[in-house]
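**Q** Below you will find the structure I want to go over with you.
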Amino acid sequence: MRVFIFLLLFWLPAHAGWWPGQKAPRSIVIAAIKHPSDIREMNLAQSVAGLAAQALNEGAGDEGVWIETSNPDYSVYFHSLVARLKANVPGTFTPWQLVERYKARGIIKGYILYDFNRNDNSVNLATIYAALKKGVLIDITQEAMVSSKGLKKLYDATKADFKEATLHALLPELNPHALVIANPAYSNNRDYAIAQKTMVYYGVDTIFQSIIRWVKPLSPVIGWNKGEEFKHVEPCTRWGLINTASDWCMNLALLSIPPVNKLPQIRSLDPRKINWEEQLNYHAFVMSDGDNMQWTFGNFIHNKDYWSNPYNEDIPMSFTTCVLNLAQAGSDVYTCLAKSQPKHNSIVEYGAGYYYPDLFARSRPEPAKLLREYAGMINTEMKRTGAKVFGFICKDVSGEQALEAYRIYGEEIEDLTGMIAVQYSPYNGGYGKVFWVKNKKGTEIPVVTCKYQLWANLSKQGSGDPVPLADWINNDNASSSSGSKQLNWTIVHAWSHFSDSATHHSIVTKDKSITTAQRGVTPVKWTKDLLDKGTKVVSIEELLWRIRMQHNPAETRKVAGIHQ
């Protein structure tokens, strides 16, 4: 009974959020990686780090392992982590030295053998057994080395197959509050899977379907699956799970240690500072793909295309982000993001994970009840971070199930400036339509769909390069009246590159430094330069406030504290 109670407590989230808790170490050692491209070496290091983190959770150790990486952003997070935990850093060790260190402490009991060349779920099966039997991951090419260190083989996955019978035998021993999707060709997140004793799998098949039915609803899915995006996100959504697009994250086992102190708040717009006397057409640009955790961890904050683009000083750009997931499972990343927020930029919390609200938990009883429960959790995290705008991707932004989701969000998420809705395909499937829902106080909250897409080489309505996009916005504005100004927004495809071809020649001549293809904020600057003088680019927050003011001036002035 004592063991059962312990496991129950270990498997419950540490706070009101949806990520499992991770206990903090007193010391953190660094695992030096000699050959970062050698997945066998990385798998070994990941398993050592995972077992050290698992020992922390079980009260059997007091030391964590940080895996060395060449990405400079992670160095920032490491120093932040050490500072907030007030942890000692005893030194740097090779993975093999750490094997000996933790064997001596009883944390490592042996090894789990796998064959990397199989490139299938046998390595994921080995990862599961590494967690359950407390063994390090050893490829067949490393077995002689590990044997020389006196470790015994605890499980042989070299000839094992991941079958339904294997799955059902393992499930009772695993943590049902998270799922790790791990590509057999890579090592990422095996530390987290071992630390949390999660199921680990890759592929979209009958076994995957059995797994997602078993995982508790409102749990995070760490990693990213194979094949077409919708085909693996949609089934997770239907079973009420939260994808996090975290396949390239590193050191999640340590970075997921929750913060003890209050988090810094992200900056939001005070509506009283908006120039309400000004009467123009207003347009906002919102960067896509912010729900992608691995991007935010590794190549966003200091990237000159996005968060650190110099044009952010001139453009009130808006960014979709995953701040709620960061606040729980990457607070050092979150802190770096919040403290470096460009002066005029707005942050949109993008769904609190990647799922489709209109399909959420539809394969479970009472899906609306589950979505409402999740919206309550989102509300808590929005307050904790200061986020005021909530966005999401729907299968059908105008469908009845989507409208039901909007009503639930409106009722459960307090202090919303507004919501923005994107359709899975095309993103601008709502074509600028606005839906209205009421919060618990009876105040109307807008749900605004995007009208256009800044998306290279996409031949769909309202989708294109800077030149045609600027023309569409200008044409809209030409038809506006003084009583009904244009209030729209464009989603910016984060990965689209736009070149200085003949199409953009008139733009490029304004800035001689633009000589190669650009993505992110720079193409937004090109578009802005082509807009007529009757149009002003504003943040999504200002756009939402202006939509509210145009729709219901008296109520908006009262809520915003604006005195005539």
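Just so we're on the same page: first chain in the structure tokens is A, next is B, and so on; residues restart at 1 for each chain, and ligands are numbered from 1 in the order they show up.
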Show which residues sit within 7 Å of Trp239 (chain A), as an MDAnalysis selection string. Count only C-alpha atoms, and ignore same-chain residues fewer than 5 positions away.

**A** chainID A and resid 212:213 217 361:364

**Q** So which bits of region 299-520 of chain A end up alpha helix (DSSP H) when you DSSP the backbone, as number ranges by chain?

**A** A: 323-329, 331-339, 367-385, 400-412, 466-478, 505-508

**Q** Using only C-alpha atoms, which protein or nucleic acid residues come within 12 Å of Ser37 (chain A)? Drop anything in the same chain fewer than 6 positions from it, and give the result as a list in words.

**A**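 The contact residues come out as Asn43, Thr69, Ser70, Ala185, Tyr186, Ser187 and Asn188 of chain A.
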
**Q** Since we have the selection now, will you write its residues out, keeping C-alpha atoms, as a CSV table (one decimal), in the first residue's frame?

**A**
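To be explicit, this is the file written out as part.csv:
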chain,number,residue,atom,x,y,z
A,43,ASN,CA,21.1,7.8,-26.0
A,69,THR,CA,24.7,21.1,-26.3
A,70,SER,CA,26.3,23.6,-28.8
A,185,ALA,CA,16.6,7.8,-35.2
A,186,TYR,CA,17.1,10.5,-32.5
A,187,SER,CA,17.8,10.7,-28.8
A,188,ASN,CA,15.8,13.8,-27.7

**Q** State, in Å with one decimal place, the distance from CA of Gly50 (chain A) to CA of Val99 (chain A).

**A**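 Atom-to-atom, CA of Gly50 (chain A) to CA of Val99 (chain A), that is 12.0 Å.
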
**Q** Give me the residues within 8 Å of Thr296 (chain A) as a VMD selection string, counting only C-alpha atoms and dropping any in the same chain fewer than 4 places off.

**A** chain A and resid 290 292 300 to 301 321 to 322 333

**Q** Hey, can you check how far CA of Val448 (chain A) sits from CA of Gly418 (chain A)?

**A**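 The value is 8.0 Å.
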
**Q** Between A:Pro264, A:Pro220, A:Gly203, A:Gly110, which is the closest to His177 (chain A) once you count only C-alpha atoms?

**A** A:Pro220

**Q** Taking 6 positions as the minimum chain separation for residues in the same chain, which residues sit within 9 Å of Tyr427 (chain A) when counting only C-alpha atoms? Answer as a PyMOL selection string.

**A** chain A and resi 393+421+449-453+491

**Q** Residues as selected, N, CA and C atoms, written as a PDB file, in the first residue's frame, can you do that?

**A**
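Wrote out-v4.pdb, looks like this:
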ATOM      1  N   ILE A 393      -6.044  26.781 -33.209  1.00  0.00           N
ATOM      2  CA  ILE A 393      -6.279  26.257 -34.556  1.00  0.00           C
ATOM      3  C   ILE A 393      -7.461  25.313 -34.502  1.00  0.00           C
ATOM      4  N   ALA A 421      -8.757  33.072 -34.003  1.00  0.00           N
ATOM      5  CA  ALA A 421      -8.976  31.699 -34.463  1.00  0.00           C
ATOM      6  C   ALA A 421      -8.379  31.491 -35.848  1.00  0.00           C
ATOM      7  N   THR A 449     -11.245  35.772 -36.687  1.00  0.00           N
ATOM      8  CA  THR A 449     -10.512  34.916 -37.617  1.00  0.00           C
ATOM      9  C   THR A 449      -9.609  35.771 -38.492  1.00  0.00           C
ATOM     10  N   CYS A 450      -8.538  35.181 -39.005  1.00  0.00           N
ATOM     11  CA  CYS A 450      -7.623  35.972 -39.834  1.00  0.00           C
ATOM     12  C   CYS A 450      -8.155  36.044 -41.272  1.00  0.00           C
ATOM     13  N   LYS A 451      -7.888  37.161 -41.903  1.00  0.00           N
ATOM     14  CA  LYS A 451      -8.404  37.375 -43.262  1.00  0.00           C
ATOM     15  C   LYS A 451      -7.405  36.962 -44.327  1.00  0.00           C
ATOM     16  N   TYR A 452      -6.115  37.168 -44.056  1.00  0.00           N
ATOM     17  CA  TYR A 452      -5.101  36.890 -45.084  1.00  0.00           C
ATOM     18  C   TYR A 452      -3.953  36.060 -44.518  1.00  0.00           C
ATOM     19  N   GLN A 453      -3.191  35.495 -45.447  1.00  0.00           N
ATOM     20  CA  GLN A 453      -1.985  34.750 -45.084  1.00  0.00           C
ATOM     21  C   GLN A 453      -0.794  35.304 -45.867  1.00  0.00           C
ATOM     22  N   ILE A 491      -2.107  36.320 -40.837  1.00  0.00           N
ATOM     23  CA  ILE A 491      -1.178  35.388 -40.207  1.00  0.00           C
ATOM     24  C   ILE A 491       0.056  35.263 -41.090  1.00  0.00           C
TER      25      ILE A 491
END

**Q** Could you give me, as number ranges by chain, the residues within 9 Å of region 46-49 of chain A, counting only C-alpha atoms and dropping anything in the same chain fewer than 2 positions from it?

**A** A: 31, 41-44, 51-54, 64-67, 95, 98-99, 102, 108, 127, 130-131, 135-137, 187-192, 194-195, 251, 253-254

**Q** Taking 6 positions as the minimum chain separation for residues in the same chain, which residues sit within 9 Å of region 384-386 of chain A when counting only C-alpha atoms? Answer as a count of residues only.

**A** 10

**Q** How close does each residue of region 299-330 of chain A get to region 337-351 of chain A, giving the shortest atom pair and distance in Å to one decimal for every residue with an atom at most 6 Å away, counting only C-alpha atoms, sorted by chain and residue number, as JSON lines?

**A**
{"residue": "A:Pro316", "atom": "CA", "partner": "A:His344", "partner_atom": "CA", "distance": 4.8}
{"residue": "A:Met317", "atom": "CA", "partner": "A:Asn345", "partner_atom": "CA", "distance": 5.0}
{"residue": "A:Ser318", "atom": "CA", "partner": "A:Ser346", "partner_atom": "CA", "distance": 4.6}
{"residue": "A:Phe319", "atom": "CA", "partner": "A:Ile347", "partner_atom": "CA", "distance": 5.2}
{"residue": "A:Thr320", "atom": "CA", "partner": "A:Val348", "partner_atom": "CA", "distance": 4.5}
{"residue": "A:Thr321", "atom": "CA", "partner": "A:Glu349", "partner_atom": "CA", "distance": 5.2}
{"residue": "A:Cys322", "atom": "CA", "partner": "A:Glu349", "partner_atom": "CA", "distance": 5.8}
